[in-house]
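Okay, model_4.txt now, which holds compact mmCIF, C-alpha atoms and all ligand atoms:
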# COMPACT_ATOMS: atom_id res chain seq x y z
CA MET A 1 -46.22 -64.48 22.71
CA PRO A 2 -48.04 -61.12 22.89
CA PRO A 3 -47.29 -58.67 20.09
CA ILE A 4 -44.35 -56.31 20.54
CA ASP A 5 -45.26 -52.69 21.27
CA ALA A 6 -41.94 -51.25 22.47
CA LEU A 7 -38.31 -51.39 21.36
CA THR A 8 -35.35 -50.40 23.51
CA PHE A 9 -31.99 -49.67 21.93
CA ASP A 10 -28.46 -49.72 23.18
CA LEU A 11 -26.52 -46.88 21.51
CA ASP A 12 -22.73 -47.33 21.30
CA ASP A 13 -21.78 -50.03 18.77
CA THR A 14 -25.45 -50.68 18.08
CA LEU A 15 -26.48 -47.51 16.23
CA TRP A 16 -22.94 -46.37 15.30
CA ASP A 17 -19.37 -47.65 15.31
CA ASN A 18 -18.12 -46.27 18.61
CA ARG A 19 -14.47 -47.31 18.58
CA PRO A 20 -13.17 -44.49 16.37
CA VAL A 21 -15.35 -42.00 18.26
CA MET A 22 -13.82 -42.99 21.59
CA GLU A 23 -10.28 -43.11 20.26
CA HIS A 24 -10.61 -39.63 18.84
CA ALA A 25 -12.24 -38.27 22.01
CA GLU A 26 -9.78 -39.97 24.36
CA HIS A 27 -6.65 -38.68 22.64
CA GLY A 28 -8.16 -35.40 21.55
CA HIS A 29 -9.28 -34.05 24.91
CA TYR A 30 -6.09 -35.11 26.68
CA ARG A 31 -3.95 -33.42 24.05
CA TRP A 32 -6.14 -30.33 24.30
CA LEU A 33 -5.70 -30.26 28.07
CA ASP A 34 -1.92 -30.61 27.82
CA GLU A 35 -1.64 -27.83 25.24
CA ALA A 36 -4.03 -25.51 27.06
CA LEU A 37 -2.15 -25.97 30.33
CA ALA A 38 1.17 -25.28 28.63
CA ALA A 39 -0.25 -22.11 27.09
CA TRP A 40 -1.79 -20.86 30.32
CA HIS A 41 0.95 -21.79 32.70
CA GLY A 42 3.86 -20.98 30.42
CA ALA A 43 6.09 -19.62 33.14
CA GLN A 44 4.98 -22.09 35.77
CA ALA A 45 5.31 -24.99 33.34
CA ALA A 46 9.08 -24.55 33.50
CA SER A 47 9.02 -25.68 37.12
CA LEU A 48 6.12 -28.17 36.90
CA GLY A 49 7.17 -29.72 33.60
CA ARG A 50 4.87 -30.52 30.74
CA TYR A 51 1.67 -32.09 32.09
CA ALA A 52 1.33 -34.98 29.65
CA GLU A 53 5.01 -35.88 30.03
CA ARG A 54 4.56 -36.34 33.75
CA PHE A 55 1.10 -37.89 33.42
CA PRO A 56 0.78 -39.62 30.04
CA LEU A 57 -2.55 -40.92 28.77
CA SER A 58 -1.79 -44.34 30.26
CA ALA A 59 -1.54 -42.77 33.75
CA TYR A 60 -4.98 -41.21 33.28
CA GLN A 61 -6.43 -44.55 32.15
CA THR A 62 -4.88 -46.36 35.10
CA ARG A 63 -6.25 -43.74 37.48
CA ARG A 64 -9.76 -44.20 36.07
CA GLN A 65 -9.58 -47.94 36.70
CA GLN A 66 -8.35 -47.34 40.24
CA LEU A 67 -11.13 -44.85 40.90
CA ALA A 68 -13.75 -47.32 39.65
CA GLU A 69 -12.37 -49.86 42.13
CA ARG A 70 -12.10 -47.35 44.97
CA VAL A 71 -15.65 -46.00 44.44
CA PRO A 72 -17.56 -49.00 43.10
CA LEU A 73 -20.91 -47.21 43.27
CA ARG A 74 -19.62 -44.87 40.55
CA ARG A 75 -17.98 -47.54 38.42
CA GLY A 76 -20.47 -47.07 35.60
CA ASP A 77 -20.59 -43.28 35.78
CA PHE A 78 -17.81 -42.63 33.31
CA THR A 79 -18.30 -38.87 33.32
CA TRP A 80 -17.74 -38.70 37.07
CA ILE A 81 -14.78 -41.05 36.87
CA ARG A 82 -13.09 -39.03 34.14
CA GLU A 83 -13.55 -35.71 35.87
CA HIS A 84 -12.32 -36.99 39.24
CA ALA A 85 -9.33 -38.77 37.72
CA LEU A 86 -8.35 -35.55 35.97
CA ARG A 87 -8.76 -33.55 39.17
CA GLU A 88 -6.53 -35.91 41.11
CA LEU A 89 -3.81 -35.94 38.47
CA LEU A 90 -3.88 -32.17 38.06
CA GLU A 91 -3.49 -31.68 41.81
CA GLU A 92 -0.61 -34.13 41.84
CA TYR A 93 0.85 -32.20 38.93
CA GLY A 94 0.97 -29.18 41.22
CA LEU A 95 -2.12 -27.12 40.51
CA PRO A 96 -4.05 -25.70 43.47
CA ARG A 97 -7.27 -27.59 44.16
CA SER A 98 -9.53 -24.91 42.66
CA ALA A 99 -7.46 -24.70 39.46
CA ALA A 100 -7.35 -28.50 39.20
CA ALA A 101 -11.15 -28.62 39.45
CA MET A 102 -11.53 -25.91 36.81
CA TRP A 103 -9.13 -27.56 34.35
CA ALA A 104 -10.67 -30.99 34.94
CA ALA A 105 -14.10 -29.58 34.12
CA ALA A 106 -12.71 -27.91 31.00
CA GLY A 107 -11.01 -31.14 29.91
CA LEU A 108 -14.21 -33.09 30.45
CA ALA A 109 -16.22 -30.57 28.42
CA GLN A 110 -13.73 -31.10 25.58
CA PHE A 111 -14.13 -34.85 25.91
CA LEU A 112 -17.92 -34.66 25.80
CA ASP A 113 -17.78 -32.37 22.79
CA LEU A 114 -15.63 -34.88 20.88
CA ARG A 115 -17.69 -37.80 22.23
CA HIS A 116 -20.79 -36.40 20.52
CA ARG A 117 -19.13 -35.99 17.14
CA LEU A 118 -20.44 -39.26 15.87
CA THR A 119 -22.35 -40.42 12.86
CA PRO A 120 -24.96 -43.15 13.20
CA TYR A 121 -24.93 -45.84 10.51
CA PRO A 122 -26.54 -44.38 7.38
CA GLU A 123 -29.67 -46.53 7.71
CA VAL A 124 -30.41 -45.54 11.31
CA ALA A 125 -32.43 -42.32 10.95
CA ALA A 126 -34.87 -43.81 8.43
CA LEU A 127 -35.04 -47.03 10.42
CA LEU A 128 -36.01 -45.23 13.64
CA GLU A 129 -38.44 -43.04 11.76
CA ALA A 130 -40.22 -46.09 10.32
CA LEU A 131 -40.16 -48.11 13.54
CA GLY A 132 -41.34 -45.12 15.58
CA GLY A 133 -44.62 -45.25 13.65
CA ARG A 134 -45.32 -48.77 14.90
CA TYR A 135 -43.52 -49.10 18.23
CA ARG A 136 -42.65 -46.92 21.20
CA LEU A 137 -38.89 -46.44 21.18
CA GLY A 138 -36.48 -46.02 24.07
CA ALA A 139 -32.70 -45.78 24.45
CA ILE A 140 -30.70 -47.37 27.27
CA THR A 141 -26.99 -46.65 27.38
CA ASN A 142 -24.17 -47.28 29.83
CA GLY A 143 -22.12 -44.67 28.02
CA ASN A 144 -22.06 -40.93 28.53
CA VAL A 145 -23.61 -39.91 25.26
CA ASP A 146 -26.41 -37.43 25.88
CA VAL A 147 -28.94 -38.47 23.27
CA THR A 148 -30.55 -35.04 23.32
CA ARG A 149 -27.36 -33.70 21.69
CA LEU A 150 -27.88 -35.99 18.69
CA PRO A 151 -30.27 -35.48 15.75
CA ILE A 152 -31.80 -38.96 16.32
CA ALA A 153 -33.10 -37.86 19.76
CA ALA A 154 -36.55 -37.04 18.40
CA HIS A 155 -37.26 -40.73 17.75
CA PHE A 156 -36.89 -41.80 21.39
CA ARG A 157 -39.69 -41.23 23.90
CA VAL A 158 -37.43 -42.33 26.72
CA THR A 159 -33.67 -42.23 27.19
CA ILE A 160 -31.94 -43.85 30.15
CA ALA A 161 -28.31 -43.10 31.09
CA ALA A 162 -27.83 -46.23 33.17
CA GLY A 163 -24.29 -45.45 34.32
CA GLU A 164 -25.25 -42.04 35.59
CA MET A 165 -28.23 -43.47 37.47
CA LEU A 166 -25.63 -45.73 39.15
CA ALA A 167 -27.23 -48.89 37.80
CA PRO A 168 -25.32 -49.76 34.62
CA LYS A 169 -26.50 -52.68 32.52
CA PRO A 170 -26.56 -55.67 33.15
CA ASP A 171 -28.55 -54.29 36.12
CA ALA A 172 -32.24 -54.91 35.41
CA ARG A 173 -33.35 -51.49 36.68
CA PRO A 174 -32.60 -49.42 33.57
CA PHE A 175 -34.60 -51.89 31.45
CA LEU A 176 -37.53 -51.82 33.89
CA ALA A 177 -37.40 -48.03 34.12
CA ALA A 178 -37.44 -47.70 30.34
CA LEU A 179 -40.35 -50.13 29.94
CA ALA A 180 -42.36 -48.48 32.71
CA ARG A 181 -41.93 -45.08 31.10
CA LEU A 182 -42.82 -46.53 27.69
CA GLY A 183 -45.95 -48.08 29.16
CA SER A 184 -44.84 -51.55 28.15
CA ARG A 185 -43.88 -54.85 29.77
CA PRO A 186 -40.97 -57.22 29.17
CA SER A 187 -43.17 -59.73 27.35
CA ARG A 188 -44.25 -57.02 24.90
CA ALA A 189 -40.83 -55.50 24.30
CA LEU A 190 -37.67 -56.24 22.36
CA HIS A 191 -34.21 -54.93 23.25
CA VAL A 192 -31.57 -54.29 20.59
CA GLY A 193 -27.92 -54.31 21.63
CA ASP A 194 -24.41 -55.49 20.83
CA SER A 195 -23.18 -56.66 24.23
CA TRP A 196 -23.86 -60.25 25.21
CA ARG A 197 -23.30 -59.47 28.89
CA GLU A 198 -24.86 -56.02 29.15
CA ASP A 199 -27.68 -56.24 26.61
CA VAL A 200 -28.60 -59.81 25.70
CA LEU A 201 -28.45 -61.63 29.03
CA PRO A 202 -30.22 -59.09 31.27
CA ALA A 203 -32.99 -58.38 28.74
CA GLN A 204 -33.54 -62.07 28.09
CA ARG A 205 -33.68 -62.84 31.81
CA LEU A 206 -36.39 -60.21 32.23
CA GLY A 207 -38.45 -61.94 29.56
CA MET A 208 -37.84 -59.42 26.79
CA ARG A 209 -37.12 -60.57 23.32
CA VAL A 210 -33.67 -59.56 22.10
CA ALA A 211 -32.01 -58.63 18.83
CA TRP A 212 -28.31 -59.24 19.41
CA ILE A 213 -26.15 -57.17 17.07
CA ASP A 214 -23.25 -59.57 16.68
CA ALA A 215 -21.09 -57.14 14.74
CA ARG A 216 -17.88 -58.91 15.71
CA ASN A 217 -19.34 -62.20 14.56
CA GLU A 218 -18.86 -63.87 17.92
CA GLY A 219 -21.66 -66.17 16.86
CA ALA A 220 -22.85 -68.16 19.87
CA THR A 221 -23.84 -71.50 18.43
CA SER A 222 -27.01 -71.87 20.48
CA LEU A 223 -29.02 -68.80 21.37
CA PRO A 224 -31.36 -68.67 24.39
CA PRO A 225 -35.09 -68.61 23.55
CA GLY A 226 -36.25 -65.20 22.37
CA VAL A 227 -32.76 -64.09 21.32
CA HIS A 228 -32.15 -63.41 17.64
CA ARG A 229 -28.78 -62.74 16.11
CA LEU A 230 -28.29 -59.93 13.59
CA ARG A 231 -25.10 -58.79 11.96
CA HIS A 232 -26.28 -55.18 11.69
CA VAL A 233 -29.13 -53.06 13.02
CA SER A 234 -30.38 -52.57 9.45
CA GLU A 235 -31.63 -56.18 9.61
CA LEU A 236 -34.05 -55.31 12.42
CA PRO A 237 -37.18 -54.59 10.32
CA ASP A 238 -36.99 -58.04 8.73
CA LEU A 239 -36.69 -59.66 12.12
CA LEU A 240 -39.68 -57.71 13.48
CA ALA A 241 -41.76 -58.60 10.43
CA GLY A 242 -40.96 -62.26 11.04
CA LEU A 243 -41.88 -62.03 14.75
CA ASP A 244 -45.21 -60.37 13.95
MG MG A 301 -23.13 -51.10 23.00
Would you encode the structure as structure tokens?
Amino acid sequence: MPPIDALTFDLDDTLWDNRPVMEHAEHGHYRWLDEALAAWHGAQAASLGRYAERFPLSAYQTRRQQLAERVPLRRGDFTWIREHALRELLEEYGLPRSAAAMWAAAGLAQFLDLRHRLTPYPEVAALLEALGGRYRLGAITNGNVDVTRLPIAAHFRVTIAAGEMLAPKPDARPFLAALARLGSRPSRALHVGDSWREDVLPAQRLGMRVAWIDARNEGATSLPPGVHRLRHVSELPDLLAGLD
């Protein structure tokens, strides 16, 4: 095998624990929207009723699923799906179309603000700093984190928002785009990610080597060639040393 010159990283649940981030953002922005609407439409709210009582969080989640099915091209563009689901619900709530669009945008801005309040695992900054001296680093995410809003952004030469380019992983295109922009090739690159379906399988099929972060200890008994199982991203330098 040729030596590795590029590393691509998944973000959510690879470089930080994303579940608490999403839970906080999901509840937080919806509560904010409900309270802001009640404050703004105090008089009108008497006739419309409280927004989140008529459309609880579960209704918003169901609407997002329905939208993803109705507009499959956008299924991986979670920002678009959230904003459009909110717009639809707010119009059904009784707001005029323009007000629904404005409040949906405001709710989404709240969500994205909370979504970026995350803390990478403590080892991550030093790890990327050290690896960046030896390898070209890229990030490939299906999520709607904007890496440039995070302090670790400086370590990545390339960041790919695969959902927003309408080709979410396991589509091969975000991997190929990242490698092209890093000036690498699959045989010279290793992808690091936690999802068997969205990270491991597509990268392995392209001929990349893969570090599978098996944080949930799903532990496939036999790994395909070129796939290595780690429990945590902090184990990556040891793996790379062994591969070299
Ligand atoms: Mg992930």
Pick out the residues no farther than 6 Å from ligand MG 301 (chain A), counting all atoms listed in the file, and list them as a compact mmCIF listing (two decimals) with C-alpha atoms, keeping the file's coordinate frame.
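Below you can see selection.txt, which holds the result:
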# COMPACT_ATOMS: atom_id res chain seq x y z
CA ASP A 10 -28.46 -49.72 23.18
CA LEU A 11 -26.52 -46.88 21.51
CA ASP A 12 -22.73 -47.33 21.30
CA ASP A 13 -21.78 -50.03 18.77
CA THR A 14 -25.45 -50.68 18.08
CA GLY A 193 -27.92 -54.31 21.63
CA ASP A 194 -24.41 -55.49 20.83
CA SER A 195 -23.18 -56.66 24.23
**OP:** May I ask for the distance between CA of Arg82 in chain A and CA of Pro151 in chain A, given in Å to one decimal place?
**Re:** 25.4 Å
Subject >> Residue nearest Ala130 in chain A - candidates A:Leu236, A:Leu15, A:Leu67, A:Ala105, atoms counted: only C-alpha atoms >> reply: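 Among the listed residues, the smallest separation from Ala130 in chain A belongs to A:Leu236.
If you count all atoms listed in the file and ignore residues fewer than 4 places along the chain from Leu176 in chain A, what sits within 8 Å of it is Ala172, Ala180 and Pro186 of chain A.
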Those same residues - C-alpha atoms - I'd like them written as a PDB file, keeping the file's coordinate frame.
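File produced: part_35.pdb:
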ATOM      1  CA  ALA A 172     -32.240 -54.910  35.410  1.00  0.00           C
ATOM      2  CA  ALA A 180     -42.360 -48.480  32.710  1.00  0.00           C
ATOM      3  CA  PRO A 186     -40.970 -57.220  29.170  1.00  0.00           C
TER       4      PRO A 186
END
Subject >> Residue nearest Ala99 in chain A - candidates A:Leu86, A:Ala52, A:Met1, A:Leu243, atoms counted: all atoms listed in the file >> reply: A:Leu86
Subject >> Two-atom distance - CA of Leu182 in chain A, CA of Pro122 in chain A (Å) >> reply: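 According to the coordinates, CA of Leu182 in chain A and CA of Pro122 in chain A are separated by 26.1 Å.
With all atoms listed in the file as the basis for measurement, A:Arg205 is the residue among A:Arg205, A:Arg229, A:Arg136, A:Arg74 that approaches Pro170 in chain A most closely.
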**OP:** Would you mind reading off the distance between CA of His228 in chain A and CA of Met208 in chain A, one decimal, in Å?
**Re:**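 Taking CA of His228 in chain A and CA of Met208 in chain A, their separation equals 11.5 Å.
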Subject >> For His191 in chain A: contacts at 12 Å, only C-alpha atoms, fewer than 6 positions along chain excluded, given as a PyMOL selection string >> reply: chain A and resi 4-11+14+136-141+174-176+178-179+185+198-213+226-229+233+236+240
Original post:
Using only C-alpha atoms, which residue out of A:His84, A:Arg197, A:Arg188, A:Arg54 lies closest to Gln66 in chain A?
Top reply: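 Smallest separation from Gln66 in chain A among the options: A:His84.
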**OP:** Using only C-alpha atoms, pick whichever of A:Ala85, A:Arg64, A:Trp103, A:Leu90 has the shortest atom-to-atom distance to Trp40 in chain A.
**Re:**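 Looking at the shortest contact to Trp40 in chain A, the residue is A:Trp103.
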Original post:
Which is closer to Trp32 in chain A than all the others in A:Arg19, A:Pro224, A:Ala106, A:Asn217, using all atoms listed in the file?
Top reply: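 Checking each candidate against Trp32 in chain A, we get A:Ala106 as the closest.
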5 Å per side around range 168-178 of chain A: axis-aligned box centre and edge lengths, as lines of an AutoDock Vina configuration file:
center_x = -31.4
center_y = -51.7
center_z = 33.5
size_x = 22.2
size_y = 18.0
size_z = 16.3
